[in-house]
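> Here's a structure for you.
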Amino acid sequence: MRDARGAGLVPEVFVGIGGRGPEDVIADERGRVLTGVEDGRVLRVDGLAEPGRARVETIAETGGRPLGLELLPDGDLLVCDAERGLLRVATGDGTVRVLADEAEGEPLRFCSNVVVLSDGTVYFTVSSRRHPLHQWIGDIVEHTGTGRLLRLAPGEGTPEVVLDGLQFANGLAPSADESFLVVAETGARRLTRVHLTGARAGTSEPFAEDLPGTPDNMWRDPQGLMWVALAGPRIGALDRLHRTGPAVRRAASRVAVRAPFRPLGFAGVVAVDEEGHVVHTLVDRHSRFRMVTSACVAEGRLILGSLWERGVAVCELPGNAD
């Protein structure tokens, strides 16, 4: 990858974790990485900074397909499961509890990413109300705008819809003072700011637009940067398709979900500050690690997850290369 600010090539190491599709990666306070894989397991990986010495532990099995993760202050884990809804996982004994599996009487068919604020309020995204995970490309092509941001208040059993009409709502990150959230809209190649407090509470606006790829999961580091994975490059033909009518997009979507999918050799990550300025742009258009769907920082390294690959990538942080 190359940093747009001139940090040069960033070396990568691939670490197999015994499962396919570590879609989201997050780091705990000890630098261990947690992720969920295709067969429903939630894994904890230690020692990624030591080549060849990574240790993988299964801490739970959701019985579905875990995607976005968020650590709670007590050490438990919130999990967005694409098949089962919003879950709470006890990292000590692996107990799984469903927190929410419907909203406004409609099943949650594609929960994507989740964050929790200091008061215990949980916000999470639903990427699509029309297409399930295994047909995700159909939603990107059809450009349905059926993504949602939902809120689950402490002690409540049913989430409320905060924002509707999002283009494949995906990753989430809060501001330092929790006055707003940033939501990744994969289908629109943009980040959207949602105000939570003050006179503009409940309103939204663009935060960063025309990104060099399709934004996926987000992770806020202790220094305040929001790391945004780019799951694929900008594709001009797709941009043009999105400007056509609904009937054309629906027809193209039906073709897309039946066609064999293979990601391009593209890996990308951007880091954005709280003003919406892109601080780092890391892009490799000939990468062997493809479809980067998440990024976090652990033990001084940038860790990448992927919906496609059978492991994670360990990269130098910008400015850390020799």
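Lettering and numbering for the structure tokens are positional, with chains as A, B, ... in the shown order, residues counted from 1 in each chain, and ligands counted from 1 in the shown order.
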What's around Ile26 (chain A) at 8 Å? Count only C-alpha atoms, leave out sequence neighbours fewer than 5 positions away in its own chain, and write the answer as a PyMOL selection string.
chain A and resi 33-35+69-70+219+295-297
> Which parts of region 78-301 of chain A does DSSP call strand (DSSP E or B) when run on the backbone here, written out as a PyMOL selection string?
chain A and resi 78-81+85-89+96-100+102-103+106-107+111-116+122-126+147-152+160-166+169-174+180-185+190-195+204-208+213-220+226-233+267-272+278-284+292-298+301
> What does the distance between CA of Arg262 (chain A) and CA of Leu241 (chain A) come to in Å, to one decimal place?
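We find that CA of Arg262 (chain A) and CA of Leu241 (chain A) lie 19.9 Å from each other.
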> For a quick check of understanding, using only C-alpha atoms, which of A:Ala169, A:Ala54, A:Ile140, A:Leu152 has the smallest distance to Phe110 (chain A)?
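For Phe110 (chain A), the nearest of the candidates is A:Ala169.
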> Find the residue from A:Leu166, A:Ala267, A:Cys315, A:Val56 that sits nearest to Arg288 (chain A); use only C-alpha atoms when measuring.
A:Ala267
> Work out how far CA of Glu299 (chain A) is from CA of Arg32 (chain A), in Å to one decimal.
8.3 Å
> Just the residues within 6 Å of region 75-84 of chain A, please, counting only C-alpha atoms, with nothing from its chain fewer than 2 positions along; format it as a ChimeraX atom specification.
/A:64-73,86-91,109-113
> Have a look at A:Arg190, A:His143, A:His195, A:Arg151 and name the one nearest to Arg234 (chain A); count only C-alpha atoms.
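Answer, going by the shortest atom-to-atom distance: A:Arg190.
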> Find the residue from A:Leu317, A:Leu230, A:Ala60, A:Ile17 that sits nearest to Arg285 (chain A); use only C-alpha atoms when measuring.
A:Leu230
> What gap, in Å, lies between CA of His131 (chain A) and CA of Leu117 (chain A)?
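Between CA of His131 (chain A) and CA of Leu117 (chain A) the gap is 28.7 Å.
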> Which residues, written as a list in words, have at least one atom at most 9 Å from Gly138 (chain A), with only C-alpha atoms counted and residues fewer than 4 positions away on the same chain left out?
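My list of contacting residues is His131, Glu142, His143, Arg250, Ala252, Ser253, Arg254, Val255, Ala256 and Val257 of chain A.
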> Determine which residues of region 89-241 of chain A DSSP labels as alpha helix (DSSP H) from the backbone of this structure, then write them out as a PyMOL selection string.
chain A and resi 136-142+236-241
> Measuring atom to atom with only C-alpha atoms, identify which of A:Glu61, A:Asp221, A:Asp216, A:Asp210 is nearest to Thr186 (chain A).
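Using only C-alpha atoms, Thr186 (chain A) sits closest to A:Asp216.
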> Would you list the contacts of Arg240 (chain A) as an mmCIF file with C-alpha atoms, in the first residue's frame, taking every protein, DNA or RNA residue within 12 Å and counting only C-alpha atoms, but skipping same-chain residues closer than 5 positions in sequence?

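Ended up saving to out.cif:
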data_model
loop_
_atom_site.group_PDB
_atom_site.id
_atom_site.type_symbol
_atom_site.label_atom_id
_atom_site.label_comp_id
_atom_site.auth_asym_id
_atom_site.auth_seq_id
_atom_site.Cartn_x
_atom_site.Cartn_y
_atom_site.Cartn_z
ATOM 1 C CA VAL A 141 -25.739 -2.855 -8.021
ATOM 2 C CA HIS A 143 -28.564 0.870 -5.288
ATOM 3 C CA ARG A 234 -14.130 2.977 -7.549
ATOM 4 C CA ILE A 235 -15.695 1.502 -10.702
ATOM 5 C CA GLY A 245 -33.582 4.216 -13.551
ATOM 6 C CA VAL A 248 -32.383 -0.965 -15.222
ATOM 7 C CA ARG A 249 -30.664 -1.341 -11.855
#
> Could you pull the residues within 10 Å of Gly16 (chain A), counting only C-alpha atoms, minus those fewer than 6 positions along the same chain, as a PyMOL selection string?
chain A and resi 52+54+56+309-313
> Tell me which of A:Thr158, A:Ser175, A:Ser287, A:Asn170 sits closest to Trp136 (chain A), counting only C-alpha atoms.
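Looking only at the distances to Trp136 (chain A), the closest residue turns out to be A:Asn170.
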> Which residues, written as JSON, numbers by chain, have at least one atom at most 8 Å from Leu225 (chain A), with only C-alpha atoms counted and residues fewer than 2 positions away on the same chain left out?
{"A": [220, 221, 222, 223, 227, 271, 272, 273, 274]}
